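Q: For reference, the file my_file_1.tsv (TSV, C-alpha atoms) is included below:
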chain	number	residue	atom	x	y	z
A	30	ASN	CA	45.66	-9.88	8.04
A	31	ALA	CA	44.16	-8.65	11.31
A	32	GLY	CA	41.19	-6.70	9.84
A	33	VAL	CA	39.05	-5.51	12.77
A	34	THR	CA	40.29	-6.33	16.25
A	35	GLN	CA	38.14	-5.99	19.36
A	36	THR	CA	39.17	-6.30	22.97
A	37	PRO	CA	38.23	-7.84	25.28
A	38	LYS	CA	36.47	-10.96	23.96
A	39	PHE	CA	34.59	-11.58	27.19
A	40	GLN	CA	33.74	-9.35	30.15
A	41	VAL	CA	31.58	-9.60	33.26
A	42	LEU	CA	30.63	-6.34	35.00
A	43	LYS	CA	28.66	-5.52	38.08
A	44	THR	CA	25.78	-3.07	37.76
A	45	GLY	CA	27.12	0.47	37.93
A	46	GLN	CA	30.66	-0.35	36.85
A	47	SER	CA	32.19	1.33	33.84
A	48	MET	CA	34.28	-0.07	31.03
A	49	THR	CA	35.58	0.71	27.57
A	50	LEU	CA	35.48	-1.65	24.61
A	51	GLN	CA	38.35	-1.13	22.23
A	52	CYS	CA	38.29	-1.53	18.46
A	53	ALA	CA	41.00	-1.05	15.88
A	54	GLN	CA	41.08	-1.62	12.12
A	55	ASP	CA	44.08	-1.85	9.83
A	56	MET	CA	42.30	-1.44	6.48
A	57	ASN	CA	42.52	2.38	6.32
A	58	HIS	CA	38.72	2.58	6.41
A	59	ASN	CA	36.98	5.90	6.93
A	60	SER	CA	33.85	4.63	8.68
A	61	MET	CA	33.52	2.65	11.88
A	62	TYR	CA	30.52	1.30	13.80
A	63	TRP	CA	29.43	-0.23	17.07
A	64	TYR	CA	26.53	-2.70	17.06
A	65	ARG	CA	24.90	-4.81	19.70
A	66	GLN	CA	23.39	-8.20	18.98
A	67	ASP	CA	20.57	-9.62	21.06
A	68	PRO	CA	18.64	-12.86	20.38
A	69	GLY	CA	15.91	-12.35	17.78
A	70	MET	CA	16.83	-8.68	17.29
A	71	GLY	CA	19.51	-8.82	14.62
A	72	LEU	CA	22.24	-6.22	14.98
A	73	ARG	CA	21.30	-2.74	16.15
A	74	LEU	CA	23.49	0.27	15.57
A	75	ILE	CA	24.66	2.03	18.73
A	76	TYR	CA	26.96	4.71	17.31
A	77	TYR	CA	28.90	5.20	14.15
A	78	SER	CA	31.69	7.40	12.86
A	79	ALA	CA	31.38	8.27	9.19
A	80	SER	CA	34.90	9.67	9.13
A	81	GLU	CA	37.68	10.60	11.50
A	82	GLY	CA	36.56	13.40	13.78
A	83	THR	CA	32.82	12.70	13.52
A	84	THR	CA	30.47	10.51	15.52
A	85	ASP	CA	26.70	10.07	15.31
A	86	LYS	CA	24.02	8.27	17.26
A	87	GLY	CA	22.51	5.11	15.92
A	88	GLU	CA	19.31	3.33	16.82
A	89	VAL	CA	20.14	2.53	20.47
A	90	PRO	CA	22.68	5.08	21.82
A	91	ASN	CA	21.37	5.53	25.37
A	92	GLY	CA	23.85	4.49	28.04
A	93	TYR	CA	26.85	4.57	25.70
A	94	ASN	CA	29.49	7.00	24.57
A	95	VAL	CA	32.07	6.68	21.82
A	96	SER	CA	35.39	8.18	20.85
A	97	ARG	CA	36.97	8.11	17.43
A	98	LEU	CA	40.52	8.32	18.71
A	99	ASN	CA	42.10	8.39	15.26
A	100	LYS	CA	41.38	6.82	11.90
A	101	ARG	CA	42.20	3.33	13.17
A	102	GLU	CA	40.50	3.27	16.56
A	103	PHE	CA	36.89	3.64	17.73
A	104	SER	CA	36.07	2.91	21.37
A	105	LEU	CA	32.74	2.34	23.09
A	106	ARG	CA	32.28	3.30	26.73
A	107	LEU	CA	29.67	2.19	29.21
A	108	GLU	CA	29.70	4.75	32.03
A	109	SER	CA	27.37	2.90	34.42
A	110	ALA	CA	26.59	-0.59	33.24
A	111	ALA	CA	23.06	-1.97	33.53
A	112	PRO	CA	21.77	-5.55	33.12
A	113	SER	CA	19.95	-4.40	29.95
A	114	GLN	CA	23.36	-3.87	28.39
A	115	THR	CA	24.15	-7.57	28.57
A	116	SER	CA	24.75	-8.37	24.91
A	117	VAL	CA	27.30	-9.24	22.27
A	118	TYR	CA	28.98	-6.14	20.90
A	119	PHE	CA	30.44	-5.95	17.41
A	120	CYS	CA	32.72	-3.33	15.98
A	121	ALA	CA	32.85	-2.92	12.21
A	122	SER	CA	34.53	-0.74	9.64
A	123	SER	CA	33.92	0.17	6.02
A	124	GLU	CA	35.59	2.26	3.38
A	125	GLU	CA	32.64	4.64	3.32
A	126	VAL	CA	29.29	4.60	5.15
A	127	ASN	CA	27.27	2.81	2.45
A	128	THR	CA	29.83	0.19	1.52
A	129	GLU	CA	30.39	-3.33	2.79
A	130	ALA	CA	31.41	-3.56	6.42
A	131	PHE	CA	33.99	-5.84	7.97
A	132	PHE	CA	33.31	-7.10	11.47
A	133	GLY	CA	35.37	-7.97	14.49
A	134	GLN	CA	34.86	-11.21	16.38
A	135	GLY	CA	32.66	-9.63	19.03
A	136	THR	CA	32.74	-8.95	22.77
A	137	ARG	CA	30.40	-10.94	24.96
A	138	LEU	CA	29.43	-8.66	27.86
A	139	THR	CA	27.44	-9.78	30.89
A	140	VAL	CA	26.23	-7.26	33.47
A	141	VAL	CA	25.14	-8.79	36.77
B	10	ALA	CA	14.36	5.85	6.47
B	11	GLN	CA	15.40	2.33	5.59
B	12	SER	CA	14.25	-1.02	6.90
B	13	VAL	CA	14.66	-4.71	6.23
B	14	THR	CA	12.25	-7.58	6.77
B	15	GLN	CA	13.47	-11.15	6.72
B	16	LEU	CA	10.32	-13.12	6.15
B	17	ASP	CA	11.37	-16.33	7.91
B	18	SER	CA	13.03	-16.56	11.32
B	19	HIS	CA	13.91	-20.23	10.72
B	20	VAL	CA	14.34	-22.24	7.53
B	21	SER	CA	15.00	-25.98	7.51
B	22	VAL	CA	16.10	-27.86	4.38
B	23	SER	CA	17.64	-31.24	3.66
B	24	GLU	CA	21.25	-31.50	2.57
B	25	GLY	CA	21.48	-31.35	-1.21
B	26	THR	CA	18.20	-29.46	-1.69
B	27	PRO	CA	17.80	-25.78	-2.67
B	28	VAL	CA	17.94	-22.95	-0.16
B	29	LEU	CA	15.74	-19.83	-0.30
B	30	LEU	CA	16.05	-17.10	2.33
B	31	ARG	CA	13.65	-14.22	1.76
B	32	CYS	CA	14.31	-10.53	2.31
B	33	ASN	CA	12.25	-7.42	1.58
B	34	TYR	CA	13.57	-3.91	2.06
B	35	SER	CA	12.35	-0.36	2.25
B	36	SER	CA	14.54	2.51	1.18
B	37	SER	CA	14.12	6.16	0.26
B	38	TYR	CA	17.13	6.19	-2.02
B	39	SER	CA	18.97	3.81	-4.29
B	40	PRO	CA	20.06	1.21	-1.78
B	41	SER	CA	23.06	-0.99	-1.41
B	42	LEU	CA	22.07	-4.47	-0.23
B	43	PHE	CA	24.12	-7.16	1.44
B	44	TRP	CA	23.82	-10.65	2.85
B	45	TYR	CA	26.00	-11.63	5.79
B	46	VAL	CA	26.45	-15.02	7.42
B	47	GLN	CA	27.24	-15.70	11.07
B	48	HIS	CA	28.35	-19.12	12.22
B	49	PRO	CA	27.86	-19.97	15.91
B	50	ASN	CA	29.96	-17.80	18.21
B	51	LYS	CA	31.66	-16.11	15.27
B	52	GLY	CA	31.71	-12.67	13.72
B	53	LEU	CA	29.85	-11.77	10.54
B	54	GLN	CA	31.16	-12.57	7.09
B	55	LEU	CA	30.01	-10.90	3.88
B	56	LEU	CA	28.36	-13.36	1.47
B	57	LEU	CA	27.52	-10.95	-1.35
B	58	LYS	CA	26.57	-7.38	-2.14
B	59	TYR	CA	24.43	-5.43	-4.60
B	60	THR	CA	25.48	-1.89	-5.43
B	61	SER	CA	23.43	-0.95	-8.55
B	62	ALA	CA	25.37	-2.99	-11.07
B	63	ALA	CA	24.06	-6.42	-12.20
B	64	THR	CA	20.78	-7.38	-10.53
B	65	LEU	CA	21.86	-11.02	-10.11
B	66	VAL	CA	24.72	-11.10	-7.68
B	67	LYS	CA	26.97	-14.09	-7.08
B	68	GLY	CA	28.65	-14.55	-3.74
B	69	ILE	CA	30.89	-16.97	-1.93
B	70	ASN	CA	30.14	-20.65	-1.26
B	71	GLY	CA	27.67	-20.94	-4.17
B	72	PHE	CA	25.17	-18.37	-2.88
B	73	GLU	CA	23.50	-15.80	-5.09
B	74	ALA	CA	20.81	-13.14	-4.74
B	75	GLU	CA	18.60	-11.25	-7.16
B	76	PHE	CA	17.71	-7.59	-6.70
B	77	LYS	CA	14.09	-6.95	-7.77
B	78	LYS	CA	13.24	-3.29	-7.46
B	79	SER	CA	9.58	-3.75	-8.41
B	80	GLU	CA	9.15	-6.23	-5.56
B	81	THR	CA	11.64	-4.52	-3.19
B	82	SER	CA	13.17	-7.92	-2.61
B	83	PHE	CA	16.67	-9.34	-2.35
B	84	HIS	CA	16.21	-13.08	-1.76
B	85	LEU	CA	19.22	-15.33	-1.15
B	86	THR	CA	19.43	-18.71	-2.88
B	87	LYS	CA	21.73	-21.69	-3.23
B	88	PRO	CA	21.05	-24.65	-5.52
B	89	SER	CA	22.24	-27.36	-3.15
B	90	ALA	CA	22.58	-27.02	0.64
B	91	HIS	CA	25.62	-28.32	2.48
B	92	MET	CA	25.87	-29.11	6.17
B	93	SER	CA	28.40	-26.30	6.57
B	94	ASP	CA	25.73	-23.78	5.48
B	95	ALA	CA	23.97	-24.10	8.83
B	96	ALA	CA	24.23	-20.60	10.32
B	97	GLU	CA	22.41	-17.32	10.89
B	98	TYR	CA	21.92	-15.14	7.81
B	99	PHE	CA	21.33	-11.41	7.82
B	100	CYS	CA	19.95	-9.23	5.06
B	101	VAL	CA	21.28	-5.67	5.26
B	102	VAL	CA	20.33	-2.41	3.53
B	103	SER	CA	22.24	0.83	3.29
B	104	ASP	CA	21.00	4.06	1.77
B	105	TYR	CA	23.13	6.53	3.67
B	106	SER	CA	21.89	10.02	2.96
B	107	GLY	CA	24.39	11.78	5.20
B	108	GLY	CA	21.72	13.18	7.45
B	109	GLY	CA	20.93	10.63	10.09
B	110	ALA	CA	21.45	7.37	11.90
B	111	ASP	CA	21.36	5.07	8.91
B	112	GLY	CA	24.51	3.39	7.72
B	113	LEU	CA	23.75	-0.32	7.65
B	114	THR	CA	20.35	-1.57	8.82
B	115	PHE	CA	20.11	-5.27	9.64
B	116	GLY	CA	17.20	-7.63	9.38
B	117	LYS	CA	16.46	-9.78	12.43
B	118	GLY	CA	18.12	-12.80	10.87
B	119	THR	CA	17.12	-16.20	9.47
B	120	HIS	CA	18.41	-19.32	11.15
B	121	LEU	CA	19.20	-21.91	8.49
B	122	ILE	CA	19.02	-25.54	9.60
B	123	ILE	CA	20.37	-28.30	7.37
B	124	GLN	CA	18.91	-31.77	7.89
B	125	PRO	CA	21.18	-34.72	7.03
Could you render the structure from this file as structure tokens?

A:
Amino acid sequence: NAGVTQTPKFQVLKTGQSMTLQCAQDMNHNSMYWYRQDPGMGLRLIYYSASEGTTDKGEVPNGYNVSRLNKREFSLRLESAAPSQTSVYFCASSEEVNTEAFFGQGTRLTVV
Amino acid sequence: AQSVTQLDSHVSVSEGTPVLLRCNYSSSYSPSLFWYVQHPNKGLQLLLKYTSAATLVKGINGFEAEFKKSETSFHLTKPSAHMSDAAEYFCVVSDYSGGGADGLTFGKGTHLIIQP
């Protein structure tokens, strides 16, 4: 019963470094999402993929790119990390875009 | 466009007393509404959902919420708080129209504190 799996769980980057956050779901869901969570801000949508082969910007897409590799996997890439990207990142999936979402355990990213 | 306002950033109640977490939403379409809970350093877990069926929705762990269209509210309640209910709670709206960056929109969260 894996659900949504994110890797890594923790990461420290230096300013300017790049990295990719991986996400995979085993529920055969069509839609996948990347959110960031900052204190007092709730969760804000970075990018989402309504279905395999499509991606769309969310509320805070600047500085990020995504790839929907296949139906199971949706990765988030930081090309040149900045301290403002220090956050907890959550991947989620849902059967369709307006249905309940299931979340991974999160990736705590620190950019120094 | 859709939005969610959680009216209280912190709520403190005594164990065994009722819980009320307030949520108002704005939506251009017929929304789906959700409550999620996040325990410290954990992911988010779905408590309950409203998707245009019964307006009173029952969820896990004794929580329930009532959809009131006239008041654009979806408040979360529980008759008797337990220490294990201490967590962050998020009200979420979805009215995906297929045309933009909607999907799920989260409120800023309500931190529920349970006093012994």

Q: Could you check which of A:Lys86, A:Leu98, A:His58, A:Tyr64 is closest to Gln134 in chain A, using all atoms listed in the file?

A: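 Among the listed residues, the smallest separation from Gln134 in chain A belongs to A:Tyr64.
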
Q: Using all atoms listed in the file, determine which residues lie at most 8 Å from range 69-71 of chain B, disregarding the query and same-chain residues fewer than 3 positions distant; provide the list as a list in words.

A: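 Counting only the stated atoms, we get Leu56, Leu57, Lys87 and Pro88 of chain B.
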
Q: Find the residues near Ala31 in chain A: any atom within 12 Å, counting all atoms listed in the file, skip ones fewer than 3 places away on the same chain, and give them as a PyMOL selection string.

A: chain A and resi 34-35+52-56+131-134

Q: Write out as JSON lines the residues of chain A that have any atom within 10 Å of an atom of chain B, one row each with the nearest atom pair and its distance in Å to one decimal, counting only C-alpha atoms, sorted by chain and then rising number.

A:
{"residue": "A:Ser60", "atom": "CA", "partner": "B:Gly112", "partner_atom": "CA", "distance": 9.5}
{"residue": "A:Met61", "atom": "CA", "partner": "B:Gly112", "partner_atom": "CA", "distance": 10.0}
{"residue": "A:Tyr62", "atom": "CA", "partner": "B:Gly112", "partner_atom": "CA", "distance": 8.8}
{"residue": "A:Gln66", "atom": "CA", "partner": "B:Lys117", "partner_atom": "CA", "distance": 9.7}
{"residue": "A:Asp67", "atom": "CA", "partner": "B:Lys117", "partner_atom": "CA", "distance": 9.6}
{"residue": "A:Pro68", "atom": "CA", "partner": "B:Lys117", "partner_atom": "CA", "distance": 8.8}
{"residue": "A:Gly69", "atom": "CA", "partner": "B:Lys117", "partner_atom": "CA", "distance": 6.0}
{"residue": "A:Met70", "atom": "CA", "partner": "B:Lys117", "partner_atom": "CA", "distance": 5.0}
{"residue": "A:Gly71", "atom": "CA", "partner": "B:Lys117", "partner_atom": "CA", "distance": 3.9}
{"residue": "A:Leu72", "atom": "CA", "partner": "B:Phe115", "partner_atom": "CA", "distance": 5.8}
{"residue": "A:Arg73", "atom": "CA", "partner": "B:Phe115", "partner_atom": "CA", "distance": 7.1}
{"residue": "A:Leu74", "atom": "CA", "partner": "B:Thr114", "partner_atom": "CA", "distance": 7.7}
{"residue": "A:Ile75", "atom": "CA", "partner": "B:Ala110", "partner_atom": "CA", "distance": 9.2}
{"residue": "A:Tyr76", "atom": "CA", "partner": "B:Ala110", "partner_atom": "CA", "distance": 8.2}
{"residue": "A:Tyr77", "atom": "CA", "partner": "B:Gly112", "partner_atom": "CA", "distance": 8.0}
{"residue": "A:Ser78", "atom": "CA", "partner": "B:Gly112", "partner_atom": "CA", "distance": 9.7}
{"residue": "A:Ala79", "atom": "CA", "partner": "B:Gly112", "partner_atom": "CA", "distance": 8.6}
{"residue": "A:Asp85", "atom": "CA", "partner": "B:Ala110", "partner_atom": "CA", "distance": 6.8}
{"residue": "A:Lys86", "atom": "CA", "partner": "B:Ala110", "partner_atom": "CA", "distance": 6.0}
{"residue": "A:Gly87", "atom": "CA", "partner": "B:Ala110", "partner_atom": "CA", "distance": 4.7}
{"residue": "A:Glu88", "atom": "CA", "partner": "B:Ala110", "partner_atom": "CA", "distance": 6.7}
{"residue": "A:Val89", "atom": "CA", "partner": "B:Ala110", "partner_atom": "CA", "distance": 9.9}
{"residue": "A:Val117", "atom": "CA", "partner": "B:Asn50", "partner_atom": "CA", "distance": 9.8}
{"residue": "A:Phe119", "atom": "CA", "partner": "B:Gly52", "partner_atom": "CA", "distance": 7.8}
{"residue": "A:Cys120", "atom": "CA", "partner": "B:Gly52", "partner_atom": "CA", "distance": 9.7}
{"residue": "A:Ala121", "atom": "CA", "partner": "B:Leu53", "partner_atom": "CA", "distance": 9.5}
{"residue": "A:Glu125", "atom": "CA", "partner": "B:Gly112", "partner_atom": "CA", "distance": 9.3}
{"residue": "A:Val126", "atom": "CA", "partner": "B:Gly112", "partner_atom": "CA", "distance": 5.6}
{"residue": "A:Asn127", "atom": "CA", "partner": "B:Ser103", "partner_atom": "CA", "distance": 5.5}
{"residue": "A:Thr128", "atom": "CA", "partner": "B:Ser41", "partner_atom": "CA", "distance": 7.5}
{"residue": "A:Glu129", "atom": "CA", "partner": "B:Lys58", "partner_atom": "CA", "distance": 7.4}
{"residue": "A:Ala130", "atom": "CA", "partner": "B:Leu55", "partner_atom": "CA", "distance": 7.9}
{"residue": "A:Phe131", "atom": "CA", "partner": "B:Gln54", "partner_atom": "CA", "distance": 7.4}
{"residue": "A:Phe132", "atom": "CA", "partner": "B:Leu53", "partner_atom": "CA", "distance": 5.9}
{"residue": "A:Gly133", "atom": "CA", "partner": "B:Gly52", "partner_atom": "CA", "distance": 6.0}
{"residue": "A:Gln134", "atom": "CA", "partner": "B:Gly52", "partner_atom": "CA", "distance": 4.4}
{"residue": "A:Gly135", "atom": "CA", "partner": "B:Gly52", "partner_atom": "CA", "distance": 6.2}
{"residue": "A:Thr136", "atom": "CA", "partner": "B:Gly52", "partner_atom": "CA", "distance": 9.8}
{"residue": "A:Arg137", "atom": "CA", "partner": "B:Asn50", "partner_atom": "CA", "distance": 9.6}

Q: First collect every listed atom of range 86-104 of chain B; then fit an axis-aligned box around them, widen it by 8 Å on each side, and give centre and edge lengths in Å to one decimal, as lines of an AutoDock Vina configuration file.

A:
center_x = 23.9
center_y = -12.5
center_z = 2.7
size_x = 25.0
size_y = 49.2
size_z = 32.4

Q: Quick one: residues within 6 Å of Ala74 in chain B, only C-alpha atoms, excluding same-chain residues fewer than 5 positions away - as a list in words?

A: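 Here the answer would be Leu65, Val66, His84 and Leu85 of chain B.
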
Q: In Å to one decimal, how far is CA of Gln46 in chain A from CA of Ser113 in chain A?

A: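 Distance reported for this atom pair: 13.4 Å.
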
Q: What is the distance between CA of Ser89 in chain B and CA of Thr14 in chain B, in Å to one decimal?

A: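 About the pair CA of Ser89 in chain B and CA of Thr14 in chain B: they are 24.3 Å apart.
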
Q: Between CA of Arg65 in chain A and CA of Gly68 in chain B, what is the spacing in Å?

A: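 One can read the CA of Gly68 in chain B to CA of Arg65 in chain A distance as 25.7 Å.
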
Q: Can you list, as a PyMOL selection string, every protein, DNA or RNA residue that comes within 10 Å of Val28 in chain B when you count all atoms listed in the file, leaving out same-chain residues fewer than 3 positions away?

A: chain B and resi 20-25+31+72+85-91+94+121+123

Q: Looking at A:Trp63, A:Glu108, A:Ser96, A:Met48, which one is nearest to Gly82 in chain A, with distances taken over all atoms listed in the file?

A: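 For Gly82 in chain A, the nearest of the candidates is A:Ser96.
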
Q: Can you tell me which residues surround Thr81 in chain B at a distance of at most 10 Å, considering all atoms listed in the file, apart from same-chain residues fewer than 5 positions away, and format the answer as JSON, numbers by chain?

A: {"B": [13, 32, 33, 34, 35, 36, 76]}

Q: Given the point (25.5, -8.6, 36.4) in the file's coordinates, find the residues that have an atom at most 6 Å from it, counting all atoms listed in the file, and give them as a short mmCIF file (atom, residue, chain, number, x, y, z; two decimals) with C-alpha atoms, keeping the file's coordinate frame.

A:
data_model
loop_
_atom_site.label_atom_id
_atom_site.label_comp_id
_atom_site.auth_asym_id
_atom_site.auth_seq_id
_atom_site.Cartn_x
_atom_site.Cartn_y
_atom_site.Cartn_z
CA LEU A 42 30.63 -6.34 35.00
CA LYS A 43 28.66 -5.52 38.08
CA THR A 44 25.78 -3.07 37.76
CA PRO A 112 21.77 -5.55 33.12
CA THR A 139 27.44 -9.78 30.89
CA VAL A 140 26.23 -7.26 33.47
CA VAL A 141 25.14 -8.79 36.77
#

Q: Starting from the incomplete input, reconstruct N, CA, C and O atoms of range 16-37 of chain B and report them as a PDB file, in the coordinates of the input.

A:
ATOM      1  N   LEU B  16      11.669 -12.584   6.038  1.00  0.00           N
ATOM      2  CA  LEU B  16      10.320 -13.120   6.150  1.00  0.00           C
ATOM      3  C   LEU B  16      10.243 -14.406   6.958  1.00  0.00           C
ATOM      4  O   LEU B  16       9.147 -14.798   7.369  1.00  0.00           O
ATOM      5  N   ASP B  17      11.356 -15.073   7.165  1.00  0.00           N
ATOM      6  CA  ASP B  17      11.370 -16.330   7.910  1.00  0.00           C
ATOM      7  C   ASP B  17      12.420 -16.251   9.009  1.00  0.00           C
ATOM      8  O   ASP B  17      13.569 -15.940   8.728  1.00  0.00           O
ATOM      9  N   SER B  18      12.045 -16.550  10.247  1.00  0.00           N
ATOM     10  CA  SER B  18      13.030 -16.560  11.320  1.00  0.00           C
ATOM     11  C   SER B  18      13.841 -17.858  11.305  1.00  0.00           C
ATOM     12  O   SER B  18      14.991 -17.859  11.741  1.00  0.00           O
ATOM     13  N   HIS B  19      13.236 -18.946  10.829  1.00  0.00           N
ATOM     14  CA  HIS B  19      13.910 -20.230  10.720  1.00  0.00           C
ATOM     15  C   HIS B  19      13.566 -20.870   9.377  1.00  0.00           C
ATOM     16  O   HIS B  19      12.406 -20.809   8.954  1.00  0.00           O
ATOM     17  N   VAL B  20      14.555 -21.469   8.743  1.00  0.00           N
ATOM     18  CA  VAL B  20      14.340 -22.240   7.530  1.00  0.00           C
ATOM     19  C   VAL B  20      15.074 -23.567   7.697  1.00  0.00           C
ATOM     20  O   VAL B  20      16.253 -23.583   8.077  1.00  0.00           O
ATOM     21  N   SER B  21      14.385 -24.663   7.404  1.00  0.00           N
ATOM     22  CA  SER B  21      15.000 -25.980   7.510  1.00  0.00           C
ATOM     23  C   SER B  21      14.924 -26.675   6.160  1.00  0.00           C
ATOM     24  O   SER B  21      13.839 -26.763   5.573  1.00  0.00           O
ATOM     25  N   VAL B  22      16.065 -27.149   5.661  1.00  0.00           N
ATOM     26  CA  VAL B  22      16.100 -27.860   4.380  1.00  0.00           C
ATOM     27  C   VAL B  22      16.974 -29.114   4.555  1.00  0.00           C
ATOM     28  O   VAL B  22      17.791 -29.189   5.484  1.00  0.00           O
ATOM     29  N   SER B  23      16.807 -30.040   3.654  1.00  0.00           N
ATOM     30  CA  SER B  23      17.640 -31.240   3.660  1.00  0.00           C
ATOM     31  C   SER B  23      18.922 -30.976   2.883  1.00  0.00           C
ATOM     32  O   SER B  23      18.931 -30.194   1.919  1.00  0.00           O
ATOM     33  N   GLU B  24      19.991 -31.618   3.292  1.00  0.00           N
ATOM     34  CA  GLU B  24      21.250 -31.500   2.570  1.00  0.00           C
ATOM     35  C   GLU B  24      21.051 -31.881   1.112  1.00  0.00           C
ATOM     36  O   GLU B  24      20.378 -32.875   0.805  1.00  0.00           O
ATOM     37  N   GLY B  25      21.592 -31.071   0.213  1.00  0.00           N
ATOM     38  CA  GLY B  25      21.480 -31.350  -1.210  1.00  0.00           C
ATOM     39  C   GLY B  25      20.272 -30.708  -1.883  1.00  0.00           C
ATOM     40  O   GLY B  25      20.161 -30.737  -3.107  1.00  0.00           O
ATOM     41  N   THR B  26      19.378 -30.121  -1.115  1.00  0.00           N
ATOM     42  CA  THR B  26      18.200 -29.460  -1.690  1.00  0.00           C
ATOM     43  C   THR B  26      18.420 -27.950  -1.746  1.00  0.00           C
ATOM     44  O   THR B  26      19.314 -27.422  -1.072  1.00  0.00           O
ATOM     45  N   PRO B  27      17.593 -27.234  -2.537  1.00  0.00           N
ATOM     46  CA  PRO B  27      17.800 -25.780  -2.670  1.00  0.00           C
ATOM     47  C   PRO B  27      17.482 -25.008  -1.393  1.00  0.00           C
ATOM     48  O   PRO B  27      16.650 -25.418  -0.586  1.00  0.00           O
ATOM     49  N   VAL B  28      18.156 -23.862  -1.274  1.00  0.00           N
ATOM     50  CA  VAL B  28      17.940 -22.950  -0.160  1.00  0.00           C
ATOM     51  C   VAL B  28      17.338 -21.648  -0.689  1.00  0.00           C
ATOM     52  O   VAL B  28      17.790 -21.124  -1.714  1.00  0.00           O
ATOM     53  N   LEU B  29      16.316 -21.132   0.018  1.00  0.00           N
ATOM     54  CA  LEU B  29      15.740 -19.830  -0.300  1.00  0.00           C
ATOM     55  C   LEU B  29      15.540 -19.079   1.007  1.00  0.00           C
ATOM     56  O   LEU B  29      14.766 -19.517   1.868  1.00  0.00           O
ATOM     57  N   LEU B  30      16.232 -17.972   1.169  1.00  0.00           N
ATOM     58  CA  LEU B  30      16.050 -17.100   2.330  1.00  0.00           C
ATOM     59  C   LEU B  30      15.512 -15.770   1.807  1.00  0.00           C
ATOM     60  O   LEU B  30      16.140 -15.122   0.978  1.00  0.00           O
ATOM     61  N   ARG B  31      14.360 -15.359   2.335  1.00  0.00           N
ATOM     62  CA  ARG B  31      13.650 -14.220   1.760  1.00  0.00           C
ATOM     63  C   ARG B  31      13.917 -12.924   2.516  1.00  0.00           C
ATOM     64  O   ARG B  31      13.950 -12.917   3.759  1.00  0.00           O
ATOM     65  N   CYS B  32      14.026 -11.846   1.737  1.00  0.00           N
ATOM     66  CA  CYS B  32      14.310 -10.530   2.310  1.00  0.00           C
ATOM     67  C   CYS B  32      13.585  -9.468   1.500  1.00  0.00           C
ATOM     68  O   CYS B  32      13.700  -9.419   0.278  1.00  0.00           O
ATOM     69  N   ASN B  33      12.849  -8.599   2.193  1.00  0.00           N
ATOM     70  CA  ASN B  33      12.250  -7.420   1.580  1.00  0.00           C
ATOM     71  C   ASN B  33      12.826  -6.181   2.254  1.00  0.00           C
ATOM     72  O   ASN B  33      13.131  -6.200   3.450  1.00  0.00           O
ATOM     73  N   TYR B  34      12.961  -5.124   1.511  1.00  0.00           N
ATOM     74  CA  TYR B  34      13.570  -3.910   2.060  1.00  0.00           C
ATOM     75  C   TYR B  34      12.709  -2.704   1.752  1.00  0.00           C
ATOM     76  O   TYR B  34      11.859  -2.722   0.853  1.00  0.00           O
ATOM     77  N   SER B  35      12.969  -1.656   2.500  1.00  0.00           N
ATOM     78  CA  SER B  35      12.350  -0.360   2.250  1.00  0.00           C
ATOM     79  C   SER B  35      13.453   0.676   2.276  1.00  0.00           C
ATOM     80  O   SER B  35      14.278   0.684   3.197  1.00  0.00           O
ATOM     81  N   SER B  36      13.471   1.536   1.265  1.00  0.00           N
ATOM     82  CA  SER B  36      14.540   2.510   1.180  1.00  0.00           C
ATOM     83  C   SER B  36      14.067   3.750   0.441  1.00  0.00           C
ATOM     84  O   SER B  36      13.318   3.638  -0.534  1.00  0.00           O
ATOM     85  N   SER B  37      14.497   4.902   0.899  1.00  0.00           N
ATOM     86  CA  SER B  37      14.120   6.160   0.260  1.00  0.00           C
ATOM     87  C   SER B  37      15.019   6.511  -0.906  1.00  0.00           C
ATOM     88  O   SER B  37      14.701   7.372  -1.703  1.00  0.00           O
TER      89      SER B  37
END
